[in-house]
Structure formats: structure tokens, C-alpha cells
$ cat target-v8.cif   # mmCIF, C-alpha atoms
data_my_file
loop_
_atom_site.label_atom_id
_atom_site.label_comp_id
_atom_site.auth_asym_id
_atom_site.auth_seq_id
_atom_site.Cartn_x
_atom_site.Cartn_y
_atom_site.Cartn_z
CA MET P 9 232.43 90.23 3.78
CA VAL P 10 235.19 88.23 2.12
CA LYS P 11 234.05 84.70 1.28
CA ASP P 12 237.20 83.30 -0.33
CA PHE P 13 240.87 83.89 0.44
CA GLU P 14 241.46 84.60 -3.26
CA GLU P 15 239.61 87.89 -2.72
CA LEU P 16 242.17 89.14 -0.19
CA ALA P 17 244.59 91.74 -1.51
CA ILE P 18 247.43 90.18 0.50
CA TYR P 19 246.77 86.82 -1.13
CA GLN P 20 246.76 88.41 -4.59
CA MET P 21 250.01 90.22 -3.81
CA SER P 22 251.60 87.00 -2.59
CA ARG P 23 250.60 85.18 -5.78
CA GLU P 24 252.20 87.92 -7.84
CA GLN P 25 255.35 87.68 -5.74
CA ALA P 26 255.53 83.91 -6.31
CA LYS P 27 255.10 84.39 -10.06
CA GLN P 28 257.98 86.89 -10.07
CA VAL P 29 260.18 84.53 -8.06
CA TYR P 30 259.49 81.68 -10.47
CA ALA P 31 260.23 83.97 -13.43
CA ILE P 32 263.60 85.17 -12.13
CA THR P 33 264.69 81.68 -11.07
CA ARG P 34 264.25 80.44 -14.65
CA GLN P 35 266.81 82.93 -15.92
CA GLY P 36 270.54 83.47 -15.92
CA ASP P 37 272.81 82.04 -13.28
CA PHE P 38 269.96 80.82 -11.10
CA LYS P 39 270.06 77.59 -13.11
CA TYR P 40 273.34 76.75 -11.33
CA GLY P 41 271.88 77.07 -7.84
CA SER P 42 269.20 74.37 -7.76
CA ARG P 43 269.06 74.22 -3.94
CA PHE P 44 268.79 78.00 -3.78
CA VAL P 45 266.06 77.98 -6.44
CA GLN P 46 264.07 75.41 -4.46
CA GLN P 47 264.47 77.43 -1.26
CA ILE P 48 263.33 80.79 -2.62
CA ARG P 49 260.44 79.19 -4.51
CA ALA P 50 259.31 77.33 -1.39
CA ALA P 51 259.44 80.52 0.68
CA ALA P 52 257.44 82.45 -1.93
CA GLY P 53 254.82 79.71 -2.10
CA SER P 54 254.65 79.55 1.67
CA VAL P 55 253.41 83.14 1.86
CA SER P 56 250.24 82.50 -0.14
CA ASP P 57 249.80 78.99 1.30
CA ASN P 58 249.77 80.31 4.86
CA ILE P 59 247.32 83.08 4.01
CA ALA P 60 245.02 80.49 2.42
CA GLU P 61 245.35 77.93 5.21
CA GLY P 62 244.80 80.49 7.95
CA PHE P 63 241.71 81.82 6.22
CA GLU P 64 240.29 78.34 5.79
CA ARG P 65 240.74 77.57 9.50
CA GLN P 66 237.86 80.01 10.07
CA GLY P 67 239.12 81.30 13.38
CA ALA P 68 240.57 84.77 13.85
CA LYS P 69 243.24 83.65 16.33
CA GLU P 70 244.46 80.85 14.05
CA PHE P 71 244.33 83.15 11.04
CA LYS P 72 246.58 85.68 12.83
CA ASN P 73 249.10 82.94 13.58
CA PHE P 74 249.19 81.84 9.95
CA LEU P 75 249.53 85.47 8.85
CA TYR P 76 252.57 85.86 11.10
CA THR P 77 254.04 82.77 9.44
CA ALA P 78 253.25 84.21 6.00
CA LYS P 79 254.96 87.46 7.02
CA GLY P 80 257.99 85.45 8.15
CA SER P 81 258.12 83.58 4.85
CA ASN P 82 257.94 86.91 3.05
CA GLY P 83 260.97 88.01 5.08
CA GLU P 84 262.73 84.84 3.97
CA VAL P 85 262.02 85.70 0.32
CA ARG P 86 263.43 89.16 0.95
CA SER P 87 266.60 87.75 2.51
CA GLN P 88 267.06 85.37 -0.39
CA LEU P 89 266.58 88.22 -2.86
CA ASN P 90 269.38 90.05 -1.04
CA ARG P 91 271.62 87.02 -1.43
CA ALA P 92 270.64 86.53 -5.08
CA PHE P 93 271.56 90.13 -5.81
CA ASP P 94 274.80 89.91 -3.83
CA VAL P 95 276.01 86.93 -5.87
CA GLY P 96 274.90 88.41 -9.19
CA PHE P 97 271.89 86.19 -9.91
CA ILE P 98 269.58 89.16 -10.49
CA LYS P 99 270.08 92.63 -11.88
CA GLU P 100 269.76 95.71 -9.72
CA ASP P 101 266.53 96.99 -11.27
CA VAL P 102 264.78 93.64 -10.79
CA TYR P 103 266.18 93.37 -7.28
CA ASN P 104 265.00 96.87 -6.33
CA GLN P 105 261.49 96.26 -7.67
CA MET P 106 261.12 92.87 -5.99
CA LEU P 107 262.54 94.15 -2.71
CA SER P 108 260.06 97.02 -2.77
CA ASP P 109 257.22 94.58 -3.48
CA CYS P 110 258.32 92.38 -0.55
CA LYS P 111 258.33 95.35 1.80
CA ARG P 112 254.90 96.45 0.56
CA LEU P 113 253.52 92.93 1.12
CA SER P 114 254.99 92.81 4.62
CA ILE P 115 253.31 96.10 5.50
CA ALA P 116 250.00 94.91 4.02
CA ILE P 117 250.10 91.66 6.00
CA ASN P 118 250.92 93.59 9.15
CA HIS P 119 247.98 95.94 8.58
CA PHE P 120 245.71 92.97 7.98
CA ILE P 121 246.87 91.38 11.25
CA SER P 122 246.15 94.65 13.05
CA SER P 123 242.66 94.82 11.58
CA ILE P 124 241.92 91.31 12.85
CA LYS P 125 243.28 92.19 16.30
CA ASP P 126 241.09 95.29 16.45
CA SER P 127 237.99 93.43 15.30
CA ASP P 128 235.33 91.78 17.45
CA PHE P 129 235.04 89.01 14.87
CA CYS P 130 236.28 85.65 16.17
CA GLY P 131 235.77 83.65 12.99
CA THR P 132 233.03 81.77 11.23
CA LYS P 133 233.70 78.53 13.10
CA TYR P 134 232.43 80.30 16.21
CA SER P 135 229.32 81.76 14.57
CA GLU P 136 227.06 79.14 16.16
CA HIS P 137 228.05 80.39 19.60
CA THR P 138 229.07 84.01 19.66
CA ASN P 139 231.11 86.19 17.39
CA THR P 140 232.64 88.54 19.90
CA LYS P 141 235.90 88.44 21.77
CA SER P 142 235.84 86.75 25.15
#
$ encode --input "target-v8.cif" --output "C-alpha cells"
Amino acid sequence: MVKDFEELAIYQMSREQAKQVYAITRQGDFKYGSRFVQQIRAAAGSVSDNIAEGFERQGAKEFKNFLYTAKGSNGEVRSQLNRAFDVGFIKEDVYNQMLSDCKRLSIAINHFISSIKDSDFCGTKYSEHTNTKS
């Protein structure tokens, strides 16, 4: 059983994504788009933050909701990567790799959501009562 959100593969993937976003926004023409830099960085950070917050809520239903928000933030990162590529802020090889990583993370989050939906586990905050779906 996972005890800390840092153990989750989706959290680890989201951290890697945020590191990549920070790295690309320190280079080239990104330095001229400070509002854009703030926006893509915030979206990338939101993915891991929502995974962590949902996990810490200790309820499966709340966790699912936060995972949906994380998935949405990942979509925002993807959209911003599209825009960054379109305006020439990032090179095609970097864009293709990061876009692929975003899609892989989205799929992983979706699979994780499905596994929670299919589970009888309600969350540790309900362990005093019952840990089955009602």
C-alpha cells in the first residue's frame, strides 16, 4: 500500500514534467514572455500539487476530484506547449518529446482514476468506520 504521494508514479511523472517546463522556460525567447512563463509554470506545478493534495485528503472520492483537476492542468500544459512551439519558443524535437510526455501522463492519470473507481477502498479517513463503497 502506498503511504506517501511521492511514491505514486503519476506524481513522479508530474515532477519530471515540471522540471522540464522550468528548464525550457529559462532558455531562448521564453525570457520575453514573462506572463506566458508564469502561466505554463503554474500549470505544470498544479499537476503535482493536485495529486499531492488529493492524496492527503485521504478520501477516494476527493482524490478522484483532485486527479481530474491534475489531468486538466496537464492539458493546460499541453496547450501551452502547442502555443510555445507555434510561436517559436521551443524547437520541434523538444516540443515532440514534451508533448508525448504530457499525453503519457494524461493516460497514466486516467488509468489511476479508473483504478480508484473500480476499487472498494474509500480512503483512510473512513477506516474507523468501513472501507467499502456504500
$ resolve_selection --input "target-v8.cif" --expression "the PyMOL selection byres ((chain P and resi 35-48) around 12)" --output "PyMOL selection string"
chain P and resi 25-34+49-55+81-93+95-99
$ atom_distance --input "target-v8.cif" --atom1 "CA of Ser56 (chain P)" --atom2 "CA of Thr77 (chain P)"
10.3 Å
$ residues_around --input "target-v8.cif" --residues "Phe13 (chain P)" --least-positions-apart "4" --cutoff "7 Å" --atoms "only C-alpha atoms" --output "PyMOL selection string"
chain P and resi 19+60+63
$ resolve_selection --input "target-v8.cif" --expression "the PyMOL selection byres ((chain P and resi 116-127) around 12)" --output "number ranges by chain"
P: 16-22, 55-56, 58-59, 62-63, 67-83, 109-115, 128-131, 139-141
$ atom_distance --input "target-v8.cif" --atom1 "CA of Glu64 (chain P)" --atom2 "CA of Asp12 (chain P)"
8.5 Å
$ atom_distance --input "target-v8.cif" --atom1 "CA of Asp57 (chain P)" --atom2 "CA of Asn104 (chain P)"
24.7 Å
$ decode --input "target-v8.cif" --residues "region 33-67 of chain P" --atoms "N, CA, C and O atoms" --output "short mmCIF file (atom, residue, chain, number, x, y, z; two decimals), in the first residue's frame"
data_model
loop_
_atom_site.label_atom_id
_atom_site.label_comp_id
_atom_site.auth_asym_id
_atom_site.auth_seq_id
_atom_site.Cartn_x
_atom_site.Cartn_y
_atom_site.Cartn_z
N THR P 33 11.69 27.08 -20.04
CA THR P 33 11.29 28.49 -19.89
C THR P 33 12.44 29.37 -19.43
O THR P 33 12.28 30.58 -19.31
N ARG P 34 13.59 28.78 -19.18
CA ARG P 34 14.79 29.55 -18.85
C ARG P 34 15.63 29.83 -20.10
O ARG P 34 16.67 30.48 -20.01
N GLN P 35 15.19 29.32 -21.23
CA GLN P 35 16.00 29.38 -22.45
C GLN P 35 15.35 30.24 -23.53
O GLN P 35 14.12 30.42 -23.54
N GLY P 36 16.16 30.68 -24.44
CA GLY P 36 15.70 31.31 -25.68
C GLY P 36 14.71 32.44 -25.50
O GLY P 36 14.81 33.26 -24.60
N ASP P 37 13.74 32.46 -26.39
CA ASP P 37 12.78 33.55 -26.45
C ASP P 37 11.75 33.54 -25.33
O ASP P 37 10.98 34.49 -25.20
N PHE P 38 11.72 32.49 -24.54
CA PHE P 38 10.79 32.46 -23.41
C PHE P 38 11.01 33.67 -22.49
O PHE P 38 10.08 34.15 -21.88
N LYS P 39 12.25 34.13 -22.42
CA LYS P 39 12.55 35.24 -21.50
C LYS P 39 11.77 36.51 -21.85
O LYS P 39 11.65 37.40 -21.02
N TYR P 40 11.21 36.58 -23.05
CA TYR P 40 10.44 37.75 -23.45
C TYR P 40 8.94 37.61 -23.16
O TYR P 40 8.19 38.54 -23.34
N GLY P 41 8.54 36.45 -22.71
CA GLY P 41 7.12 36.21 -22.43
C GLY P 41 6.89 35.91 -20.97
O GLY P 41 6.47 34.80 -20.63
N SER P 42 7.14 36.86 -20.09
CA SER P 42 7.10 36.59 -18.65
C SER P 42 5.72 36.10 -18.19
O SER P 42 5.63 35.20 -17.36
N ARG P 43 4.65 36.66 -18.72
CA ARG P 43 3.31 36.20 -18.35
C ARG P 43 3.09 34.76 -18.81
O ARG P 43 2.54 33.93 -18.09
N PHE P 44 3.55 34.46 -19.99
CA PHE P 44 3.43 33.11 -20.53
C PHE P 44 4.25 32.12 -19.70
O PHE P 44 3.80 31.02 -19.39
N VAL P 45 5.45 32.54 -19.31
CA VAL P 45 6.31 31.70 -18.48
C VAL P 45 5.61 31.39 -17.16
O VAL P 45 5.58 30.24 -16.71
N GLN P 46 5.06 32.41 -16.53
CA GLN P 46 4.34 32.20 -15.26
C GLN P 46 3.18 31.24 -15.43
O GLN P 46 2.94 30.38 -14.59
N GLN P 47 2.45 31.37 -16.52
CA GLN P 47 1.27 30.55 -16.76
C GLN P 47 1.63 29.08 -16.97
O GLN P 47 1.02 28.19 -16.36
N ILE P 48 2.60 28.79 -17.80
CA ILE P 48 2.95 27.39 -18.05
C ILE P 48 3.60 26.76 -16.82
O ILE P 48 3.36 25.59 -16.52
N ARG P 49 4.39 27.54 -16.08
CA ARG P 49 4.98 27.02 -14.85
C ARG P 49 3.90 26.71 -13.81
O ARG P 49 3.97 25.69 -13.12
N ALA P 50 2.94 27.61 -13.68
CA ALA P 50 1.86 27.39 -12.72
C ALA P 50 1.05 26.15 -13.08
O ALA P 50 0.69 25.35 -12.21
N ALA P 51 0.76 25.97 -14.35
CA ALA P 51 0.00 24.79 -14.79
C ALA P 51 0.78 23.51 -14.50
O ALA P 51 0.22 22.53 -14.01
N ALA P 52 2.08 23.53 -14.79
CA ALA P 52 2.90 22.34 -14.54
C ALA P 52 2.96 22.02 -13.06
O ALA P 52 2.86 20.85 -12.65
N GLY P 53 3.10 23.02 -12.22
CA GLY P 53 3.12 22.81 -10.78
C GLY P 53 1.78 22.34 -10.25
O GLY P 53 1.72 21.56 -9.29
N SER P 54 0.72 22.79 -10.87
CA SER P 54 -0.62 22.42 -10.45
C SER P 54 -0.88 20.92 -10.59
O SER P 54 -1.64 20.34 -9.81
N VAL P 55 -0.26 20.30 -11.56
CA VAL P 55 -0.45 18.86 -11.76
C VAL P 55 0.01 18.10 -10.52
O VAL P 55 -0.77 17.36 -9.90
N SER P 56 1.26 18.30 -10.13
CA SER P 56 1.77 17.58 -8.96
C SER P 56 1.11 18.04 -7.67
O SER P 56 0.85 17.23 -6.77
N ASP P 57 0.80 19.33 -7.57
CA ASP P 57 0.15 19.85 -6.36
C ASP P 57 -1.22 19.20 -6.15
O ASP P 57 -1.59 18.86 -5.02
N ASN P 58 -1.98 19.03 -7.21
CA ASN P 58 -3.31 18.43 -7.08
C ASN P 58 -3.24 16.94 -6.76
O ASN P 58 -4.07 16.42 -6.02
N ILE P 59 -2.24 16.26 -7.31
CA ILE P 59 -2.05 14.85 -6.96
C ILE P 59 -1.74 14.74 -5.47
O ILE P 59 -2.33 13.93 -4.75
N ALA P 60 -0.83 15.58 -5.00
CA ALA P 60 -0.44 15.56 -3.59
C ALA P 60 -1.62 15.93 -2.67
O ALA P 60 -1.88 15.23 -1.69
N GLU P 61 -2.31 17.00 -3.01
CA GLU P 61 -3.42 17.44 -2.15
C GLU P 61 -4.54 16.41 -2.10
O GLU P 61 -5.08 16.11 -1.04
N GLY P 62 -4.87 15.85 -3.24
CA GLY P 62 -5.91 14.82 -3.27
C GLY P 62 -5.54 13.61 -2.45
O GLY P 62 -6.36 13.07 -1.70
N PHE P 63 -4.31 13.19 -2.55
CA PHE P 63 -3.83 12.04 -1.77
C PHE P 63 -3.94 12.33 -0.28
O PHE P 63 -4.39 11.49 0.50
N GLU P 64 -3.52 13.51 0.11
CA GLU P 64 -3.51 13.88 1.52
C GLU P 64 -4.91 14.07 2.11
O GLU P 64 -5.08 14.04 3.32
N ARG P 65 -5.91 14.23 1.28
CA ARG P 65 -7.29 14.35 1.77
C ARG P 65 -7.80 13.03 2.33
O ARG P 65 -8.76 12.99 3.06
N GLN P 66 -7.18 11.94 1.93
CA GLN P 66 -7.43 10.59 2.45
C GLN P 66 -8.82 10.04 2.17
O GLN P 66 -9.26 9.11 2.83
N GLY P 67 -9.47 10.57 1.18
CA GLY P 67 -10.75 10.03 0.75
C GLY P 67 -10.72 9.77 -0.74
O GLY P 67 -10.26 10.60 -1.51
#
